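Q: Just so it is clear, I am handing over input-v9.txt, which has compact mmCIF, C-alpha atoms.
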```
# COMPACT_ATOMS: atom_id res chain seq x y z
CA MET A 1 205.80 217.07 -7.43
CA SER A 2 203.96 215.77 -10.47
CA THR A 3 202.56 218.02 -13.13
CA PRO A 4 198.84 217.66 -13.79
CA ALA A 5 197.72 216.65 -17.23
CA HIS A 6 196.32 219.39 -19.39
CA THR A 7 192.63 218.58 -19.80
CA ALA A 8 191.25 221.90 -21.00
CA VAL A 9 189.96 222.02 -24.57
CA VAL A 10 191.22 224.93 -26.63
CA SER A 11 189.55 225.76 -29.94
CA ASP A 12 191.51 226.43 -33.12
CA ARG A 13 190.07 229.95 -33.13
CA GLU A 14 191.36 230.73 -29.64
CA ALA A 15 194.74 229.15 -30.44
CA ARG A 16 195.04 231.30 -33.56
CA LYS A 17 194.16 234.45 -31.60
CA VAL A 18 196.80 233.66 -28.98
CA ALA A 19 199.42 232.80 -31.59
CA PHE A 20 198.69 236.02 -33.48
CA GLY A 21 198.98 238.04 -30.28
CA ALA A 22 202.30 236.34 -29.56
CA PHE A 23 203.46 237.05 -33.09
CA VAL A 24 202.61 240.77 -32.95
CA GLY A 25 204.31 241.15 -29.57
CA THR A 26 207.49 239.44 -30.70
CA ALA A 27 207.45 241.42 -33.97
CA LEU A 28 207.51 244.64 -31.91
CA GLU A 29 210.13 243.14 -29.61
CA TRP A 30 212.47 242.24 -32.44
CA TYR A 31 211.78 245.46 -34.35
CA ASP A 32 212.94 247.38 -31.31
CA PHE A 33 215.87 245.10 -30.59
CA PHE A 34 217.07 244.90 -34.22
CA LEU A 35 216.85 248.67 -34.60
CA PHE A 36 219.65 248.96 -32.09
CA GLY A 37 221.80 246.48 -34.01
CA THR A 38 221.34 248.34 -37.29
CA ALA A 39 221.92 251.70 -35.61
CA ALA A 40 225.06 250.35 -33.95
CA SER A 41 226.46 249.64 -37.41
CA LEU A 42 225.39 252.89 -39.05
CA VAL A 43 224.79 255.59 -36.41
CA PHE A 44 225.91 254.95 -32.84
CA ASN A 45 229.52 254.29 -33.83
CA ARG A 46 229.68 257.85 -35.22
CA LEU A 47 227.32 259.93 -33.04
CA PHE A 48 227.69 258.36 -29.60
CA PHE A 49 231.28 257.11 -29.51
CA THR A 50 234.62 258.75 -30.25
CA GLY A 51 238.02 257.50 -31.34
CA SER A 52 239.19 255.68 -34.46
CA PRO A 53 236.52 254.10 -36.72
CA VAL A 54 237.49 250.62 -35.51
CA ALA A 55 237.43 251.61 -31.84
CA ALA A 56 234.09 253.40 -32.21
CA THR A 57 232.56 250.41 -34.00
CA LEU A 58 233.80 248.03 -31.31
CA ALA A 59 232.36 250.33 -28.62
CA ALA A 60 229.01 250.46 -30.40
CA PHE A 61 228.91 246.67 -30.69
CA ALA A 62 229.89 246.36 -27.03
CA THR A 63 226.83 248.48 -26.14
CA PHE A 64 224.80 246.27 -28.47
CA ALA A 65 226.07 243.26 -26.51
CA VAL A 66 224.95 244.80 -23.20
CA GLY A 67 221.35 244.14 -24.20
CA PHE A 68 222.11 240.45 -24.51
CA ALA A 69 224.00 240.37 -21.24
CA ALA A 70 220.89 241.79 -19.54
CA ARG A 71 218.52 239.26 -21.05
CA PRO A 72 219.10 236.58 -18.39
CA LEU A 73 218.03 239.12 -15.77
CA GLY A 74 214.75 239.47 -17.61
CA ALA A 75 214.49 235.70 -17.95
CA ILE A 76 215.00 235.25 -14.20
CA LEU A 77 212.55 238.00 -13.23
CA PHE A 78 209.77 237.31 -15.72
CA GLY A 79 210.36 233.55 -15.74
CA HIS A 80 209.70 233.47 -12.02
CA LEU A 81 206.64 235.69 -12.33
CA GLY A 82 205.37 233.85 -15.39
CA ASP A 83 205.44 230.50 -13.59
CA ARG A 84 203.97 232.06 -10.43
CA ILE A 85 201.36 234.66 -11.46
CA GLY A 86 200.75 233.83 -15.11
CA ARG A 87 202.11 234.11 -18.62
CA ARG A 88 199.67 236.78 -19.90
CA THR A 89 200.40 239.42 -17.24
CA CYS A 90 204.14 239.21 -17.78
CA LEU A 91 203.79 239.54 -21.53
CA ILE A 92 201.79 242.76 -21.16
CA VAL A 93 204.52 244.19 -18.92
CA THR A 94 207.42 243.17 -21.19
CA VAL A 95 205.91 244.51 -24.42
CA THR A 96 205.10 247.83 -22.70
CA MET A 97 208.60 248.12 -21.29
CA ILE A 98 210.44 247.48 -24.54
CA GLY A 99 208.19 249.84 -26.52
CA ILE A 100 208.74 252.75 -24.13
CA VAL A 101 212.49 252.20 -23.82
CA THR A 102 212.98 252.02 -27.59
CA GLY A 103 211.00 255.22 -28.12
CA LEU A 104 213.19 256.99 -25.58
CA ILE A 105 216.33 256.06 -27.55
CA GLY A 106 214.87 258.16 -30.35
CA VAL A 107 215.04 261.33 -28.23
CA LEU A 108 218.53 260.85 -26.77
CA PRO A 109 221.01 263.71 -27.23
CA THR A 110 224.28 262.71 -28.89
CA THR A 111 227.84 263.05 -27.62
CA VAL A 112 228.18 266.47 -29.27
CA SER A 113 225.34 267.76 -27.05
CA ILE A 114 225.97 266.15 -23.66
CA GLY A 115 229.36 264.48 -23.92
CA VAL A 116 229.99 261.23 -22.08
CA LEU A 117 226.43 261.16 -20.72
CA ALA A 118 225.20 260.23 -24.20
CA PRO A 119 226.82 256.76 -24.43
CA ILE A 120 226.00 256.15 -20.74
CA ALA A 121 222.30 256.89 -21.30
CA LEU A 122 222.32 254.77 -24.46
CA THR A 123 223.84 251.86 -22.55
CA VAL A 124 221.27 252.13 -19.73
CA LEU A 125 218.37 252.09 -22.18
CA ARG A 126 219.93 249.12 -23.98
CA LEU A 127 220.18 247.36 -20.62
CA LEU A 128 216.45 247.90 -19.97
CA GLN A 129 215.69 246.75 -23.50
CA GLY A 130 217.54 243.52 -22.82
CA ILE A 131 215.67 242.88 -19.56
CA ALA A 132 212.33 243.27 -21.33
CA VAL A 133 213.33 241.03 -24.23
CA GLY A 134 214.62 238.45 -21.76
CA GLY A 135 211.11 237.90 -20.46
CA GLU A 136 209.17 238.38 -23.70
CA TRP A 137 210.05 235.57 -26.08
CA GLY A 138 209.92 232.68 -23.60
CA GLY A 139 206.48 233.74 -22.41
CA ALA A 140 205.16 234.24 -25.94
CA VAL A 141 206.27 230.77 -27.06
CA THR A 142 205.00 229.13 -23.86
CA LEU A 143 201.58 230.79 -24.16
CA ALA A 144 201.25 229.89 -27.84
CA VAL A 145 202.20 226.25 -27.31
CA GLU A 146 200.00 225.79 -24.25
CA HIS A 147 196.96 227.02 -26.20
CA ALA A 148 197.70 225.02 -29.35
CA PRO A 149 195.87 221.84 -30.47
CA LYS A 150 198.14 218.89 -29.88
CA ASP A 151 198.55 218.05 -33.58
CA LYS A 152 199.40 221.63 -34.62
CA ARG A 153 201.91 222.73 -32.04
CA GLY A 154 204.82 222.95 -34.45
CA ARG A 155 203.14 225.62 -36.56
CA TYR A 156 201.83 227.57 -33.55
CA ALA A 157 205.23 227.46 -31.86
CA ALA A 158 206.69 228.92 -35.06
CA MET A 159 204.34 231.93 -34.99
CA PRO A 160 206.34 233.93 -32.41
CA GLN A 161 209.45 233.12 -34.48
CA ILE A 162 207.94 234.86 -37.50
CA GLY A 163 208.06 238.04 -35.45
CA SER A 164 211.84 237.98 -35.98
CA PRO A 165 211.90 238.46 -39.77
CA ILE A 166 208.95 240.85 -39.57
CA GLY A 167 210.95 242.87 -37.03
CA THR A 168 213.92 242.75 -39.38
CA LEU A 169 211.82 243.88 -42.33
CA LEU A 170 210.36 246.76 -40.36
CA SER A 171 213.65 247.89 -38.77
CA SER A 172 215.80 247.53 -41.89
CA GLY A 173 213.02 249.02 -44.00
CA ALA A 174 212.75 251.99 -41.67
CA PHE A 175 216.49 252.63 -41.80
CA LEU A 176 216.53 252.08 -45.55
CA ALA A 177 213.88 254.78 -45.92
CA VAL A 178 215.63 257.37 -43.76
CA SER A 179 219.05 256.55 -45.24
CA ALA A 180 217.82 258.19 -48.45
CA LEU A 181 217.98 261.53 -46.61
CA PRO A 182 221.04 263.78 -46.99
CA GLN A 183 223.75 262.71 -44.56
CA GLU A 184 223.36 265.84 -42.44
CA SER A 185 219.59 265.32 -42.06
CA PHE A 186 220.06 261.62 -41.37
CA ASP A 187 222.58 262.31 -38.61
CA SER A 188 220.59 265.11 -36.96
CA TRP A 189 217.05 263.68 -36.94
CA GLY A 190 216.47 261.02 -39.61
CA TRP A 191 217.87 258.10 -37.61
CA ARG A 192 215.50 258.92 -34.73
CA ILE A 193 212.31 258.28 -36.68
CA PRO A 194 212.51 254.44 -36.64
CA PHE A 195 212.91 254.51 -32.85
CA LEU A 196 209.99 256.92 -32.34
CA VAL A 197 207.74 254.64 -34.39
CA ALA A 198 207.95 252.20 -31.45
CA PHE A 199 205.35 254.30 -29.58
CA PRO A 200 202.40 253.76 -31.98
CA LEU A 201 203.44 250.14 -32.56
CA LEU A 202 203.27 249.61 -28.80
CA GLY A 203 199.62 250.70 -28.82
CA VAL A 204 198.76 248.03 -31.40
CA ALA A 205 200.65 245.31 -29.52
CA LEU A 206 199.01 246.19 -26.21
CA TYR A 207 195.53 246.09 -27.73
CA LEU A 208 196.11 242.57 -29.05
CA ARG A 209 197.89 241.28 -25.93
CA ARG A 210 195.05 242.40 -23.64
CA ARG A 211 192.58 240.32 -25.68
CA VAL A 212 194.53 237.08 -25.14
CA GLU A 213 193.38 234.67 -22.43
CA GLU A 214 195.68 233.09 -19.87
CA SER A 215 197.12 229.66 -20.62
CA PRO A 216 194.58 226.95 -19.66
CA LEU A 217 197.44 224.77 -18.47
CA PHE A 218 198.67 227.48 -16.11
CA GLU A 219 195.12 228.01 -14.83
CA GLN A 220 194.98 224.32 -13.98
CA LEU A 221 198.35 224.48 -12.25
CA LEU A 222 196.98 227.40 -10.25
CA ALA A 223 193.73 225.61 -9.37
CA GLU A 224 195.56 222.49 -8.21
CA ASP A 225 198.31 224.47 -6.45
CA GLU A 226 201.00 222.74 -8.53
CA ARG A 227 203.09 225.84 -9.20
CA ALA A 228 206.79 225.75 -8.37
CA SER A 229 207.67 227.97 -5.41
CA SER A 230 211.08 228.85 -6.90
CA PRO A 231 210.93 227.96 -10.60
CA VAL A 232 214.23 229.57 -11.58
CA LYS A 233 216.06 227.82 -8.76
CA ASP A 234 214.45 224.50 -9.73
CA VAL A 235 215.55 224.93 -13.35
CA LEU A 236 219.13 225.67 -12.32
CA LEU A 237 219.37 222.84 -9.77
CA ARG A 238 217.18 220.13 -11.29
CA SER A 239 217.11 220.86 -15.02
CA PHE A 240 220.61 222.14 -15.73
CA PRO A 241 221.29 219.64 -18.57
CA GLN A 242 218.03 220.67 -20.21
CA LEU A 243 219.02 224.32 -19.80
CA MET A 244 222.38 223.81 -21.52
CA VAL A 245 220.91 221.71 -24.32
CA GLY A 246 218.19 224.30 -24.83
CA ALA A 247 220.72 227.14 -24.96
CA GLY A 248 222.88 225.27 -27.45
CA SER A 249 219.91 224.47 -29.67
CA ALA A 250 218.94 228.17 -29.76
CA PHE A 251 222.48 229.46 -30.34
CA LEU A 252 222.48 229.36 -34.14
CA GLY A 253 219.08 231.01 -34.53
CA VAL A 254 220.21 233.96 -32.38
CA GLY A 255 224.00 234.23 -32.61
CA GLY A 256 224.18 233.10 -36.21
CA PHE A 257 221.52 235.60 -37.14
CA TYR A 258 223.42 238.53 -35.68
CA LEU A 259 226.54 237.35 -37.46
CA ALA A 260 224.66 237.23 -40.78
CA THR A 261 222.98 240.62 -40.30
CA THR A 262 224.51 243.03 -37.78
CA PHE A 263 228.11 241.96 -38.40
CA VAL A 264 227.65 241.57 -42.15
CA ILE A 265 226.16 245.08 -42.46
CA SER A 266 229.22 246.47 -40.71
CA TYR A 267 231.58 244.26 -42.75
CA GLY A 268 229.94 245.17 -46.02
CA THR A 269 229.90 248.92 -45.45
CA ALA A 270 233.18 249.39 -43.55
CA THR A 271 235.46 246.74 -45.06
CA LEU A 272 234.04 246.11 -48.54
CA LYS A 273 232.89 249.75 -48.96
CA LEU A 274 229.47 248.65 -50.19
CA PRO A 275 226.52 251.07 -50.06
CA GLN A 276 224.37 251.10 -46.92
CA ALA A 277 221.29 250.72 -49.09
CA LEU A 278 222.62 247.46 -50.58
CA MET A 279 223.39 245.88 -47.21
CA LEU A 280 220.05 246.93 -45.72
CA GLY A 281 218.26 245.76 -48.85
CA ALA A 282 219.99 242.38 -48.58
CA THR A 283 218.68 241.94 -45.05
CA LEU A 284 215.18 242.81 -46.27
CA VAL A 285 215.27 240.12 -48.95
CA ALA A 286 216.71 237.63 -46.46
CA ALA A 287 213.97 238.43 -43.93
CA ALA A 288 211.26 237.88 -46.53
CA VAL A 289 212.71 234.48 -47.41
CA GLU A 290 213.07 233.67 -43.71
CA ILE A 291 209.31 233.95 -43.21
CA LEU A 292 208.79 231.12 -45.71
CA VAL A 293 211.50 229.02 -44.04
CA LEU A 294 209.88 229.49 -40.61
CA ILE A 295 206.42 228.53 -41.83
CA THR A 296 207.81 225.43 -43.54
CA GLY A 297 209.96 224.51 -40.55
CA GLY A 298 206.99 224.60 -38.19
CA ARG A 299 205.11 222.13 -40.37
CA LEU A 300 208.16 219.87 -40.71
CA ALA A 301 208.50 219.78 -36.91
CA GLU A 302 205.02 218.26 -36.65
CA ARG A 303 206.03 215.51 -39.06
CA TYR A 304 209.67 214.75 -38.22
CA GLY A 305 210.20 216.26 -34.77
CA ALA A 306 211.87 219.49 -33.75
CA ALA A 307 215.14 217.79 -32.79
CA ARG A 308 215.73 216.31 -36.23
CA ILE A 309 214.99 219.63 -37.91
CA THR A 310 217.42 221.35 -35.51
CA VAL A 311 220.21 218.90 -36.39
CA ALA A 312 219.54 219.25 -40.11
CA GLY A 313 219.52 223.04 -39.91
CA GLY A 314 222.77 223.13 -37.98
CA LEU A 315 224.58 220.93 -40.47
CA ILE A 316 223.20 222.79 -43.50
CA SER A 317 224.29 226.11 -41.99
CA ALA A 318 227.81 224.81 -41.39
CA VAL A 319 228.09 223.73 -45.02
CA ALA A 320 226.77 227.09 -46.25
CA ALA A 321 229.06 229.29 -44.11
CA PHE A 322 231.96 229.72 -46.55
CA PRO A 323 229.77 230.03 -49.68
CA MET A 324 227.82 232.79 -47.93
CA PHE A 325 230.92 234.93 -47.41
CA TRP A 326 232.38 234.06 -50.81
CA LEU A 327 229.25 235.50 -52.40
CA ILE A 328 229.36 238.64 -50.26
CA ASP A 329 233.06 239.16 -51.02
CA THR A 330 232.32 239.39 -54.77
CA ARG A 331 230.81 242.85 -54.11
CA GLY A 332 228.31 242.12 -56.88
CA THR A 333 224.83 243.41 -55.97
CA ALA A 334 222.90 240.25 -56.79
CA LEU A 335 225.53 237.95 -55.29
CA VAL A 336 225.76 239.96 -52.05
CA ILE A 337 221.98 239.73 -51.65
CA LEU A 338 222.13 236.00 -52.43
CA GLY A 339 224.90 235.45 -49.88
CA VAL A 340 223.07 237.17 -47.03
CA THR A 341 219.82 235.41 -47.95
CA LEU A 342 221.52 232.02 -48.10
CA GLY A 343 223.03 232.43 -44.64
CA VAL A 344 219.84 233.69 -42.99
CA ALA A 345 217.68 231.02 -44.67
CA CYS A 346 219.90 228.16 -43.48
CA LEU A 347 220.17 229.29 -39.86
CA SER A 348 216.41 229.93 -39.79
CA ILE A 349 215.73 226.19 -40.08
CA PRO A 350 216.57 225.40 -36.44
CA TYR A 351 215.16 228.76 -35.36
CA ALA A 352 211.78 227.75 -36.80
CA VAL A 353 211.47 224.84 -34.38
CA SER A 354 213.24 226.38 -31.38
CA GLY A 355 209.97 227.11 -29.57
CA ALA A 356 208.69 223.58 -30.05
CA LEU A 357 211.98 222.06 -28.89
CA LEU A 358 212.46 224.26 -25.83
CA THR A 359 208.90 223.82 -24.51
CA GLU A 360 209.41 220.06 -24.74
CA LEU A 361 212.52 220.18 -22.58
CA PHE A 362 210.78 221.50 -19.43
CA PRO A 363 207.65 220.44 -17.48
CA ALA A 364 204.75 222.89 -17.35
CA ARG A 365 205.47 224.13 -13.82
CA LEU A 366 208.97 225.26 -14.89
CA ARG A 367 208.33 225.96 -18.55
CA TYR A 368 208.31 229.77 -18.71
CA SER A 369 211.51 229.95 -16.64
CA GLY A 370 213.22 227.10 -18.47
CA VAL A 371 212.41 228.36 -21.95
CA ALA A 372 213.31 231.96 -21.10
CA LEU A 373 216.59 231.04 -19.43
CA SER A 374 217.63 228.70 -22.26
CA ALA A 375 216.95 231.28 -24.95
CA ASN A 376 218.68 234.03 -23.03
CA VAL A 377 221.77 232.05 -22.05
CA ALA A 378 222.16 231.64 -25.81
CA GLY A 379 221.37 235.33 -26.17
CA VAL A 380 224.13 236.42 -23.81
CA VAL A 381 226.77 234.65 -25.87
CA SER A 382 225.09 235.72 -29.11
CA GLY A 383 225.27 239.38 -28.21
CA PHE A 384 229.04 239.22 -28.35
CA VAL A 385 229.15 237.45 -31.72
CA PRO A 386 229.37 240.67 -33.83
CA LEU A 387 232.04 241.99 -31.46
CA VAL A 388 234.08 238.77 -31.63
CA ALA A 389 233.64 238.55 -35.40
CA SER A 390 234.80 242.17 -35.78
CA ALA A 391 237.84 241.54 -33.59
CA PHE A 392 238.76 238.39 -35.56
CA LEU A 393 238.26 240.28 -38.82
CA ALA A 394 240.60 243.07 -37.70
CA ALA A 395 243.21 240.57 -36.52
CA ALA A 396 243.08 238.77 -39.88
CA GLY A 397 243.46 241.97 -41.87
CA GLY A 398 239.86 242.01 -43.09
CA ALA A 399 239.71 238.36 -44.22
CA SER A 400 236.13 237.03 -44.06
CA TRP A 401 237.16 233.39 -43.49
CA THR A 402 237.34 234.14 -39.77
CA ALA A 403 233.62 234.97 -39.69
CA ALA A 404 232.82 231.84 -41.71
CA VAL A 405 234.69 229.65 -39.23
CA LEU A 406 232.86 231.31 -36.35
CA LEU A 407 229.52 230.57 -38.03
CA ILE A 408 230.50 226.91 -38.50
CA VAL A 409 231.34 226.55 -34.80
CA ILE A 410 227.99 228.06 -33.80
CA ALA A 411 226.12 225.82 -36.25
CA LEU A 412 227.78 222.64 -34.98
CA ILE A 413 226.98 223.51 -31.35
CA THR A 414 223.30 223.76 -32.33
CA ALA A 415 223.42 220.49 -34.29
CA VAL A 416 224.91 218.58 -31.35
CA SER A 417 222.35 220.09 -28.98
CA GLY A 418 219.56 218.95 -31.28
CA MET A 419 220.92 215.40 -31.10
CA LEU A 420 220.88 215.51 -27.29
CA ALA A 421 217.44 217.09 -26.87
CA PRO A 422 215.27 213.91 -27.08
CA LYS A 423 217.47 212.20 -24.49
CA VAL A 424 216.96 214.87 -21.81
CA ALA A 425 213.42 216.17 -22.47
CA LEU A 426 211.28 216.44 -19.31
CA GLY A 427 208.06 217.90 -20.72
CA ARG A 428 206.54 214.76 -22.19
CA ASP A 429 204.34 214.05 -19.19
CA ASP A 430 202.19 217.08 -20.08
CA GLU A 431 199.42 216.49 -22.56
CA VAL A 432 200.32 219.88 -23.97
CA GLN A 433 203.49 218.26 -25.24
CA GLU A 434 202.11 215.05 -26.71
CA VAL A 435 204.07 215.65 -29.91
CA GLY A 436 207.66 215.16 -28.76
CA VAL A 437 210.87 216.61 -30.09
CA ASP A 438 211.72 213.20 -31.49
CA GLY A 439 208.59 213.23 -33.69
CA ARG A 440 206.70 210.57 -31.73
CA VAL A 441 203.38 211.08 -29.98
CA HIS A 442 203.52 210.94 -26.19
CA GLY A 443 200.72 210.85 -23.66
```
Please express what this file holds, its structure, as structure tokens.
A:
Amino acid sequence: MSTPAHTAVVSDREARKVAFGAFVGTALEWYDFFLFGTAASLVFNRLFFTGSPVAATLAAFATFAVGFAARPLGAILFGHLGDRIGRRTCLIVTVTMIGIVTGLIGVLPTTVSIGVLAPIALTVLRLLQGIAVGGEWGGAVTLAVEHAPKDKRGRYAAMPQIGSPIGTLLSSGAFLAVSALPQESFDSWGWRIPFLVAFPLLGVALYLRRRVEESPLFEQLLAEDERASSPVKDVLLRSFPQLMVGAGSAFLGVGGFYLATTFVISYGTATLKLPQALMLGATLVAAAVEILVLITGGRLAERYGAARITVAGGLISAVAAFPMFWLIDTRGTALVILGVTLGVACLSIPYAVSGALLTELFPARLRYSGVALSANVAGVVSGFVPLVASAFLAAAGGASWTAAVLLIVIALITAVSGMLAPKVALGRDDEVQEVGVDGRVHG
């Protein structure tokens, strides 16, 4: 079945409103999701799990990984609904779900109060978090791109990505603030405050999301009855190469990020005995720099193509992997901050153009499902990266070279996927994708 050309005219003002709504929603999404990662390193391993410090940390990271394992469920559910009933409706549901679930984590009793029920409840809420996130990002990127003027899609596709460093700034900043409390106060109630903040943030996100119009391309698909009856099935059966290439291209931006933040926070505090405030502060500086990288990357995608930027970012990240950990291993305050910032900045290059690349890979009738599944297949593997890195670190007696090698492998997978993307892209027949991943204009 052919996909109709996108003929609706979308103003810059409307495109900016949609992109801003997507940005705010993803900022809340990643704030909530990153909170769990930071708490897994600093809180959950002590208050929700028992055993040796290493065993408790591995258990906390395993719970952290559950959220990623659940993300494909969200991609399947909301991808299907997004390609059937609309992108906007699904995004309202996902942002509501993740806000409520995150707030509930803030009121959970610990193991001291309810025993084994505490880690079970924490795991269930993390599972629901993952399902919501699995449907959020793909819809936000799809909606932003399908509203964007054809010559500015790189920058608008990068807007939801900026929600990631903003979420990092907010979550790390929140934990940095409460970490100044006495340890007893922090353990009893201080750590809960960042999670409870999710409730008022949800109100802001909902207000903005409800003001966003549905994608004009989806409305045309609806009018012409061109929707896929089983979009997820079609992606798996007819677009499997695109799915794998998309997942590989997104791997570094997700898995590499959690290696450079969640794992590094744990490594810095537990192995190098560095202060929590230093490691959290390093992630704040890195997140601020990441915003600039994402803005620049979106503009570069419009000029050179998302695929080329993905390849370049993968190769640069591979080269920077060992220097990043060498700097962190010095234990010097400025050098630790520089090391974390270097790693995050490099892996943010392909992340900046991930939305533009993934939306190019799939035709409009399968786009929400294809983008969501690709990102979340990468997310499933990425969720286990801190766990794998921690296990390798323990096996190597605390040597950081194991984490550097893991980062290189992830970076090269993304670089190769970027090379393959222009060869398998299926979305070029939509006018919404006139600017292709290879940098040429199609249509």
Q: List the neighbours of A:Val319 out to 12 Å using only C-alpha atoms; skip same-chain residues closer than 4 positions along the sequence, and give me the result as a list in words.
A: Ala312, Gly313, Gly314, Leu315, Pro323, Met324, Phe325, Leu342, Gly343, Cys346, Leu347, Ala404, Val405, Leu407, Ile408, Val409, Ala411 and Leu412 of chain A
Q: Once you count all atoms listed in the file, what closest atom pair and distance in Å to one decimal does each residue of stretch 254-304 of chain A within 12 Å of stretch 364-381 of chain A have, with rows by chain and rising residue number, as a Markdown table?
A:
```
| residue | atom | partner | partner_atom | distance |
| --- | --- | --- | --- | --- |
| A:Val254 | CA | A:Gly379 | CA | 6.5 |
| A:Gly255 | CA | A:Gly379 | CA | 7.0 |
| A:Gly256 | CA | A:Gly379 | CA | 10.7 |
| A:Phe257 | CA | A:Gly379 | CA | 11.0 |
| A:Tyr258 | CA | A:Gly379 | CA | 10.2 |
| A:Leu259 | CA | A:Val381 | CA | 11.9 |
```
Q: Here is a test: counting only C-alpha atoms, which residue of A:Phe251, A:Phe61, A:Phe44, A:Phe34 is nearest to A:Ala391?
A: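 Among A:Phe251, A:Phe61, A:Phe44, A:Phe34, it is A:Phe61 that comes nearest to A:Ala391.
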Q: Could you work out how far atom CA of A:Arg211 lies from atom CA of A:Lys17, giving the answer in Å with one decimal?
A: 8.5 Å
Q: Rounded to one decimal in Å, what is the spacing between atom CA of A:Ala157 and atom CA of A:Ser348?
A: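 Taking atom CA of A:Ala157 and atom CA of A:Ser348, their separation equals 13.9 Å.
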Q: From the options A:Ile100, A:Val133, A:Ala144, A:Val336, which residue's atoms come nearest to A:Glu213, counting all atoms listed in the file?
A: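 Smallest separation from A:Glu213 among the options: A:Ala144.
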Q: Using only C-alpha atoms, which residues of stretch 67-155 of chain A come within 10 Å of stretch 174-191 of chain A, and what is the closest atom pair for each, with the distance in Å to one decimal? Give it as a Markdown table, sorted by chain and residue number.
A:
```
| residue | atom | partner | partner_atom | distance |
| --- | --- | --- | --- | --- |
| A:Gly106 | CA | A:Trp191 | CA | 7.9 |
| A:Val107 | CA | A:Trp189 | CA | 9.2 |
| A:Pro109 | CA | A:Ser188 | CA | 9.8 |
| A:Thr110 | CA | A:Ser188 | CA | 9.2 |
```
Q: When you draw a straight line from atom CA of A:Gly332 to atom CA of A:Ala288, how long is it in Å?
A: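 So the two atoms, atom CA of A:Gly332 and atom CA of A:Ala288, lie 20.4 Å apart.
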Q: Counting all atoms listed in the file, which residue out of A:Val141, A:Leu47, A:Ile85, A:Val385 sits closest to A:Ile114?
A: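 The closest residue to A:Ile114 is A:Leu47.
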Q: Which residues, written as number ranges by chain, have at least one atom at most 8 Å from stretch 162-173 of chain A, with all atoms listed in the file counted and residues fewer than 4 positions away on the same chain left out?
A: A: 23-32, 34-35, 38, 158, 177, 194, 280-281, 283-284, 287-288, 290-291, 294-295
Q: Out of A:Ala40, A:Val235, A:Leu81, A:Met159, which residue has the shortest atom-to-atom distance to A:Ala62 when counting only C-alpha atoms?
A: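 Closest residue, counting only C-alpha atoms: A:Ala40.
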